[in-house]
Amino acid sequence: MRLALAQLNVTVGDLAGNRRKMEAAIAAAGKRHVDLLVFPELALCGYPPEDLLLRRQFLIDCRETLQTLAAQVGAMTVVVGTADGAAGDCYNAAAVCRQGQVFSIYHKGLLPNYGVFDEKRYFKPGHRPVVIDVTGVRAALTICEDIWDVQWADGFLKGSSQWFDLLLNISASPFYAGKIHHRKEMLRRCAAHFGCPAAYCNQIGGQDELVFSGRSMVIDAAGRIVAEAAAFEEDLLIVDVRKPGDGPVQLSPLSEAGEKELDPIDEVYRALVLGTRDYVRKNGFCKVVMGLSGGVDSALTAAIAAAALGADNVIGVTMPSRFNTAETCSDAGRLAANLGIAFYTLPIGGILDVYSRTLAALAGWDEQGVAYENLQARIRGTLLMSLSNQFGWMVLTTGNKSETAVGYCTLYGDTAGGFAVLKDVPKTLVYQLCEWVNR
């Protein structure tokens, strides 16, 4: 049995676009003579769909899109992550398609409700295991959280009184630094516990504040990683699964075999690039604009934006007042030149003076205080948002997690924008990332 794991970058709500991506993957898998093609969790509707699941018409559209996709499937077996049911009676599902129809559906049993997950708000838990037979290899279907608790999975799957040769898991597992190691250990525990290989298909891409790294993989019963897909890129991972009589399943990867290790800083950098690219593009923007202060945070934000969108789609603006040194303005210009991005200077001294004269009508206005300092940040925010309104550019804010956590920022000033690239990056990591980029 030839197995393929198709990790795709899908968009929440774009049923037609996601279906077209799946159709292309089905065609590519067909050319490779794949018997079982697997897509990630909720790939048809995008993850996380959140309150779209409360709309009756959206769930109807999901069902119709699935039927359209299934109608194009021939002898290949295709597992599609989708939402199944009606509003208030909805399941996180894996639909199994073959010969032009959906012939089986598995409903996720263990629903996460912590951190960024809120699945109990939208889904009901499934109670029936599903094991499918593909050319004599029996694969047990699971969805993401189902196998993070091995004891729960054991009770759930054994309750079916069905044996299986392969544990199959479709997932939309968000990235965080170091998570890949936890994920691999979890898969090894499952493979050892059930005494069979585990195949794991994960989503890639950015969706709102979440980033998905992909890195789909197949692990043998001994816990060895037989094949691993690319990180932060779409990929089709193919492995031959052989079952010689009653003996153990044998795995032969057609894709590049073995475990892939990434430098931890490079991994974070690639996650930031992907998250920025997808947030901008999936929200309908092509270009971004940001303030360049000459400091390290705006420098890193600009570098990430240029890598994500291309230098031609990034605009840097320095907005000096009399308090800015010539060096900071010069540094901002040199950064823009190094990155190849557009660069403009919009002095704010005149605007600042007008504001200050107006506010001086109130007794106690202090041009030496914090309010005066914050006024400069708010003027800069206003200019950037005006450019956004006029030209359709998304404003990227440049503050890091350390500053935001302690309130070292200006409301309606440097916090004004469409996407905070470094919102999850502490200052120490900012310096590490800059060092990495400079290599």
# chains A, B, ... in the order shown; residues from 1 in each chain; ligands from 1
>>> residues_around(residues="Asn169 in chain A", least_positions_apart="5", cutoff="9 Å", atoms="only C-alpha atoms", output="mmCIF file with C-alpha atoms, in the first residue's frame")
data_model
loop_
_atom_site.group_PDB
_atom_site.id
_atom_site.type_symbol
_atom_site.label_atom_id
_atom_site.label_comp_id
_atom_site.auth_asym_id
_atom_site.auth_seq_id
_atom_site.Cartn_x
_atom_site.Cartn_y
_atom_site.Cartn_z
ATOM 1 C CA PRO A 40 -4.664 17.425 7.545
ATOM 2 C CA GLU A 41 -7.325 18.103 10.172
ATOM 3 C CA ALA A 140 -7.100 3.292 12.447
ATOM 4 C CA LEU A 141 -8.219 6.904 11.998
ATOM 5 C CA THR A 142 -7.536 9.486 14.698
ATOM 6 C CA ILE A 143 -7.535 13.282 14.760
ATOM 7 C CA CYS A 144 -4.860 15.331 16.538
ATOM 8 C CA ASP A 146 -7.008 11.769 20.112
ATOM 9 C CA ILE A 147 -3.479 10.388 20.442
ATOM 10 C CA ALA A 198 2.175 5.794 13.167
ATOM 11 C CA ALA A 199 1.582 8.188 10.271
ATOM 12 C CA TYR A 200 1.027 11.825 11.178
ATOM 13 C CA CYS A 201 -0.221 14.478 8.707
ATOM 14 C CA ASN A 202 0.002 18.079 9.912
#
>>> residues_around(residues="range 240-242 of chain A", least_positions_apart="3", cutoff="12 Å", atoms="only C-alpha atoms", output="VMD selection string")
chain A and resid 1 to 5 32 to 37 134 to 139 165 to 166 196 to 199 218 to 220 226 to 227 237 245 to 255 257
>>> write_last_selection(atoms="N, CA and C atoms", output="CSV table (one decimal), in the first residue's frame")
chain,number,residue,atom,x,y,z
A,1,MET,N,0.9,-1.2,0.0
A,1,MET,CA,0.0,0.0,0.0
A,1,MET,C,0.9,1.2,0.0
A,2,ARG,N,0.7,2.1,-1.0
A,2,ARG,CA,1.5,3.3,-1.0
A,2,ARG,C,0.7,4.5,-0.3
A,3,LEU,N,1.3,5.0,0.7
A,3,LEU,CA,0.7,6.0,1.6
A,3,LEU,C,1.3,7.4,1.2
A,4,ALA,N,0.5,8.4,1.1
A,4,ALA,CA,1.0,9.8,0.9
A,4,ALA,C,0.3,10.7,1.9
A,5,LEU,N,1.1,11.5,2.6
A,5,LEU,CA,0.7,12.6,3.5
A,5,LEU,C,0.8,13.9,2.8
A,32,ARG,N,1.9,9.3,-8.8
A,32,ARG,CA,2.9,8.5,-8.0
A,32,ARG,C,2.3,7.1,-7.6
A,33,HIS,N,1.1,6.8,-8.1
A,33,HIS,CA,0.5,5.5,-7.9
A,33,HIS,C,0.1,5.3,-6.4
A,34,VAL,N,-0.3,6.4,-5.7
A,34,VAL,CA,-0.7,6.3,-4.3
A,34,VAL,C,-2.0,5.6,-4.1
A,35,ASP,N,-2.0,4.8,-3.1
A,35,ASP,CA,-3.3,4.1,-2.7
A,35,ASP,C,-4.1,4.8,-1.7
A,36,LEU,N,-3.4,5.4,-0.7
A,36,LEU,CA,-4.0,6.1,0.4
A,36,LEU,C,-3.4,7.5,0.5
A,37,LEU,N,-4.2,8.5,0.3
A,37,LEU,CA,-3.8,9.9,0.4
A,37,LEU,C,-4.5,10.6,1.6
A,134,VAL,N,-7.1,-0.7,3.3
A,134,VAL,CA,-6.6,-0.2,2.0
A,134,VAL,C,-5.6,-1.2,1.5
A,135,THR,N,-6.0,-2.0,0.5
A,135,THR,CA,-5.1,-3.0,-0.1
A,135,THR,C,-4.6,-4.0,0.9
A,136,GLY,N,-5.4,-4.3,1.9
A,136,GLY,CA,-5.1,-5.3,2.9
A,136,GLY,C,-4.4,-4.7,4.1
A,137,VAL,N,-4.1,-3.4,4.1
A,137,VAL,CA,-3.5,-2.8,5.3
A,137,VAL,C,-4.6,-2.0,6.0
A,138,ARG,N,-4.8,-2.3,7.3
A,138,ARG,CA,-5.9,-1.7,8.1
A,138,ARG,C,-5.3,-0.5,8.9
A,139,ALA,N,-5.9,0.6,8.7
A,139,ALA,CA,-5.5,1.9,9.3
A,139,ALA,C,-6.5,2.4,10.2
A,165,ASP,N,-3.1,-2.2,11.5
A,165,ASP,CA,-1.7,-2.3,11.2
A,165,ASP,C,-1.0,-1.0,11.2
A,166,LEU,N,-1.8,0.1,11.2
A,166,LEU,CA,-1.2,1.5,11.1
A,166,LEU,C,-2.1,2.4,11.9
A,196,CYS,N,2.6,-0.7,16.4
A,196,CYS,CA,2.5,-0.6,15.0
A,196,CYS,C,3.0,0.8,14.6
A,197,PRO,N,3.3,1.0,13.3
A,197,PRO,CA,3.7,2.3,12.8
A,197,PRO,C,2.6,3.4,13.0
A,198,ALA,N,3.1,4.7,13.1
A,198,ALA,CA,2.2,5.8,13.2
A,198,ALA,C,2.5,6.8,12.0
A,199,ALA,N,1.4,7.2,11.3
A,199,ALA,CA,1.6,8.2,10.3
A,199,ALA,C,0.8,9.5,10.7
A,218,VAL,N,6.3,9.7,9.4
A,218,VAL,CA,5.9,8.3,9.6
A,218,VAL,C,7.0,7.7,10.5
A,219,ILE,N,6.5,7.1,11.6
A,219,ILE,CA,7.4,6.4,12.6
A,219,ILE,C,7.1,5.0,12.6
A,220,ASP,N,8.1,4.1,12.7
A,220,ASP,CA,7.9,2.7,12.7
A,220,ASP,C,7.6,2.3,14.2
A,226,VAL,N,10.9,7.2,10.0
A,226,VAL,CA,11.2,6.6,8.7
A,226,VAL,C,11.3,7.7,7.6
A,227,ALA,N,10.4,8.7,7.7
A,227,ALA,CA,10.4,9.8,6.8
A,227,ALA,C,9.7,11.0,7.4
A,237,LEU,N,4.6,13.7,1.3
A,237,LEU,CA,5.4,12.6,1.9
A,237,LEU,C,4.9,11.3,1.5
A,245,GLY,N,2.1,-11.2,4.8
A,245,GLY,CA,1.3,-12.2,5.6
A,245,GLY,C,0.9,-11.7,6.9
A,246,ASP,N,1.2,-12.5,7.9
A,246,ASP,CA,0.9,-12.1,9.3
A,246,ASP,C,2.0,-11.4,10.0
A,247,GLY,N,3.1,-11.1,9.3
A,247,GLY,CA,4.2,-10.5,9.9
A,247,GLY,C,4.0,-9.0,10.1
A,248,PRO,N,5.0,-8.4,10.8
A,248,PRO,CA,4.9,-6.9,11.0
A,248,PRO,C,5.0,-6.1,9.8
A,249,VAL,N,4.4,-4.9,9.8
A,249,VAL,CA,4.3,-4.0,8.7
A,249,VAL,C,5.7,-3.5,8.4
A,250,GLN,N,6.1,-3.4,7.1
A,250,GLN,CA,7.4,-2.9,6.7
A,250,GLN,C,7.2,-1.6,6.0
A,251,LEU,N,8.1,-0.6,6.2
A,251,LEU,CA,8.0,0.7,5.7
A,251,LEU,C,9.2,1.0,4.8
A,252,SER,N,8.9,1.6,3.6
A,252,SER,CA,9.9,2.0,2.7
A,252,SER,C,9.6,3.4,2.1
A,253,PRO,N,10.3,4.4,2.6
A,253,PRO,CA,10.0,5.8,2.1
A,253,PRO,C,10.5,6.0,0.7
A,254,LEU,N,9.6,6.7,-0.1
A,254,LEU,CA,10.0,7.1,-1.4
A,254,LEU,C,10.5,8.6,-1.3
A,255,SER,N,10.0,9.3,-0.3
A,255,SER,CA,10.6,10.6,-0.1
A,255,SER,C,11.9,10.5,0.6
A,257,ALA,N,14.4,10.1,3.3
A,257,ALA,CA,14.1,9.5,4.6
A,257,ALA,C,14.8,10.2,5.7
>>> closest_residue(among="A:Arg224, A:Lys243, A:Arg270, A:Lys427", to="Val296 in chain A", atoms="only C-alpha atoms")
A:Lys427
>>> residues_around(residues="Gly275 in chain A", least_positions_apart="2", cutoff="12 Å", atoms="only C-alpha atoms", output="ChimeraX atom specification")
/A:9,174-175,204-213,232-233,268-273,277-282,304-305,307-309,419-424
>>> select_by_dssp(residues="range 15-174 of chain A", states="helix (DSSP H, G or I)", output="VMD selection string")
chain A and resid 15 to 31 50 to 54 56 to 70 119 to 121 144 to 147 150 to 158
>>> write_last_selection(atoms="C-alpha atoms", output="PDB file, in the first residue's frame")
ATOM      1  CA  LEU A  15     -13.782  26.093   0.589  1.00  0.00           C
ATOM      2  CA  ALA A  16     -13.332  26.395  -3.167  1.00  0.00           C
ATOM      3  CA  GLY A  17      -9.663  27.348  -2.893  1.00  0.00           C
ATOM      4  CA  ASN A  18      -8.930  24.571  -0.417  1.00  0.00           C
ATOM      5  CA  ARG A  19     -10.743  22.053  -2.622  1.00  0.00           C
ATOM      6  CA  ARG A  20      -8.629  23.086  -5.613  1.00  0.00           C
ATOM      7  CA  LYS A  21      -5.463  22.519  -3.588  1.00  0.00           C
ATOM      8  CA  MET A  22      -6.707  19.057  -2.670  1.00  0.00           C
ATOM      9  CA  GLU A  23      -7.580  18.274  -6.275  1.00  0.00           C
ATOM     10  CA  ALA A  24      -4.032  19.204  -7.306  1.00  0.00           C
ATOM     11  CA  ALA A  25      -2.626  16.960  -4.566  1.00  0.00           C
ATOM     12  CA  ILE A  26      -4.876  14.091  -5.662  1.00  0.00           C
ATOM     13  CA  ALA A  27      -3.630  14.482  -9.231  1.00  0.00           C
ATOM     14  CA  ALA A  28       0.007  14.546  -8.078  1.00  0.00           C
ATOM     15  CA  ALA A  29      -0.542  11.492  -5.876  1.00  0.00           C
ATOM     16  CA  GLY A  30      -2.206   9.663  -8.745  1.00  0.00           C
ATOM     17  CA  LYS A  31       0.916  10.098 -10.858  1.00  0.00           C
ATOM     18  CA  GLU A  50     -14.271  29.067  14.928  1.00  0.00           C
ATOM     19  CA  ASP A  51     -17.643  30.856  14.667  1.00  0.00           C
ATOM     20  CA  LEU A  52     -18.074  29.942  11.003  1.00  0.00           C
ATOM     21  CA  LEU A  53     -19.190  26.607  12.454  1.00  0.00           C
ATOM     22  CA  LEU A  54     -22.195  28.343  13.994  1.00  0.00           C
ATOM     23  CA  ARG A  56     -25.870  26.736   9.076  1.00  0.00           C
ATOM     24  CA  GLN A  57     -25.025  27.643   5.481  1.00  0.00           C
ATOM     25  CA  PHE A  58     -21.293  27.220   6.052  1.00  0.00           C
ATOM     26  CA  LEU A  59     -21.771  23.628   7.181  1.00  0.00           C
ATOM     27  CA  ILE A  60     -24.037  22.970   4.203  1.00  0.00           C
ATOM     28  CA  ASP A  61     -21.317  24.381   1.945  1.00  0.00           C
ATOM     29  CA  CYS A  62     -18.741  22.122   3.640  1.00  0.00           C
ATOM     30  CA  ARG A  63     -20.868  19.076   2.911  1.00  0.00           C
ATOM     31  CA  GLU A  64     -21.433  20.060  -0.724  1.00  0.00           C
ATOM     32  CA  THR A  65     -17.748  20.840  -1.269  1.00  0.00           C
ATOM     33  CA  LEU A  66     -16.799  17.462   0.187  1.00  0.00           C
ATOM     34  CA  GLN A  67     -19.223  15.732  -2.176  1.00  0.00           C
ATOM     35  CA  THR A  68     -17.764  17.642  -5.127  1.00  0.00           C
ATOM     36  CA  LEU A  69     -14.270  16.561  -4.118  1.00  0.00           C
ATOM     37  CA  ALA A  70     -15.276  12.955  -3.477  1.00  0.00           C
ATOM     38  CA  GLU A 119     -13.275  22.852  20.346  1.00  0.00           C
ATOM     39  CA  LYS A 120     -15.928  22.013  22.931  1.00  0.00           C
ATOM     40  CA  ARG A 121     -17.604  25.296  22.017  1.00  0.00           C
ATOM     41  CA  CYS A 144      -4.860  15.331  16.538  1.00  0.00           C
ATOM     42  CA  GLU A 145      -5.693  15.347  20.279  1.00  0.00           C
ATOM     43  CA  ASP A 146      -7.008  11.769  20.112  1.00  0.00           C
ATOM     44  CA  ILE A 147      -3.479  10.388  20.442  1.00  0.00           C
ATOM     45  CA  VAL A 150      -2.288   7.437  24.876  1.00  0.00           C
ATOM     46  CA  GLN A 151      -4.413   5.867  27.603  1.00  0.00           C
ATOM     47  CA  TRP A 152      -7.543   7.545  26.267  1.00  0.00           C
ATOM     48  CA  ALA A 153      -6.687   6.411  22.735  1.00  0.00           C
ATOM     49  CA  ASP A 154      -6.096   2.871  23.986  1.00  0.00           C
ATOM     50  CA  GLY A 155      -9.524   2.646  25.582  1.00  0.00           C
ATOM     51  CA  PHE A 156     -11.217   4.279  22.602  1.00  0.00           C
ATOM     52  CA  LEU A 157      -9.614   2.110  19.930  1.00  0.00           C
ATOM     53  CA  LYS A 158      -9.796  -1.160  21.859  1.00  0.00           C
TER      54      LYS A 158
END
>>> atom_distance(atom1="CA of Leu110 in chain A", atom2="CA of Pro129 in chain A")
11.8 Å
>>> closest_residue(among="A:Leu352, A:Leu429, A:Val78, A:Cys90", to="Arg378 in chain A", atoms="only C-alpha atoms")
A:Leu352
>>> residues_around(residues="Leu335 in chain A", least_positions_apart="3", cutoff="8 Å", atoms="only C-alpha atoms", output="PyMOL selection string")
chain A and resi 294+299+331-332+338-339
>>> write_last_selection(atoms="C-alpha atoms", output="short mmCIF file (atom, residue, chain, number, x, y, z; two decimals), in the first residue's frame")
data_model
loop_
_atom_site.label_atom_id
_atom_site.label_comp_id
_atom_site.auth_asym_id
_atom_site.auth_seq_id
_atom_site.Cartn_x
_atom_site.Cartn_y
_atom_site.Cartn_z
CA GLY A 294 16.87 52.90 13.63
CA ALA A 299 15.06 46.32 11.87
CA ASP A 331 20.66 53.70 10.53
CA ALA A 332 17.06 53.44 9.31
CA ASN A 338 20.47 46.74 2.78
CA LEU A 339 17.05 45.09 2.50
#
>>> select_by_dssp(residues="range 296-325 of chain A", states="strand (DSSP E)", output="PyMOL selection string")
chain A and resi 314-318
>>> write_last_selection(atoms="N, CA and C atoms", output="PDB file, in the first residue's frame")
ATOM      1  N   VAL A 314       7.495  46.003   0.679  1.00  0.00           N
ATOM      2  CA  VAL A 314       7.721  46.522   2.030  1.00  0.00           C
ATOM      3  C   VAL A 314       8.123  47.992   1.942  1.00  0.00           C
ATOM      4  N   ILE A 315       7.461  48.821   2.736  1.00  0.00           N
ATOM      5  CA  ILE A 315       7.749  50.254   2.776  1.00  0.00           C
ATOM      6  C   ILE A 315       8.157  50.634   4.192  1.00  0.00           C
ATOM      7  N   GLY A 316       9.318  51.238   4.327  1.00  0.00           N
ATOM      8  CA  GLY A 316       9.793  51.719   5.617  1.00  0.00           C
ATOM      9  C   GLY A 316       9.704  53.229   5.680  1.00  0.00           C
ATOM     10  N   VAL A 317       9.275  53.750   6.821  1.00  0.00           N
ATOM     11  CA  VAL A 317       9.120  55.195   6.995  1.00  0.00           C
ATOM     12  C   VAL A 317       9.809  55.613   8.286  1.00  0.00           C
ATOM     13  N   THR A 318      10.713  56.571   8.192  1.00  0.00           N
ATOM     14  CA  THR A 318      11.274  57.160   9.404  1.00  0.00           C
ATOM     15  C   THR A 318      10.601  58.502   9.638  1.00  0.00           C
TER      16      THR A 318
END
>>> closest_residue(among="A:Thr415, A:Thr82, A:Thr345, A:Ser171", to="Arg183 in chain A", atoms="only C-alpha atoms")
A:Ser171
>>> atom_distance(atom1="CA of Trp393 in chain A", atom2="CA of Pro426 in chain A")
26.3 Å
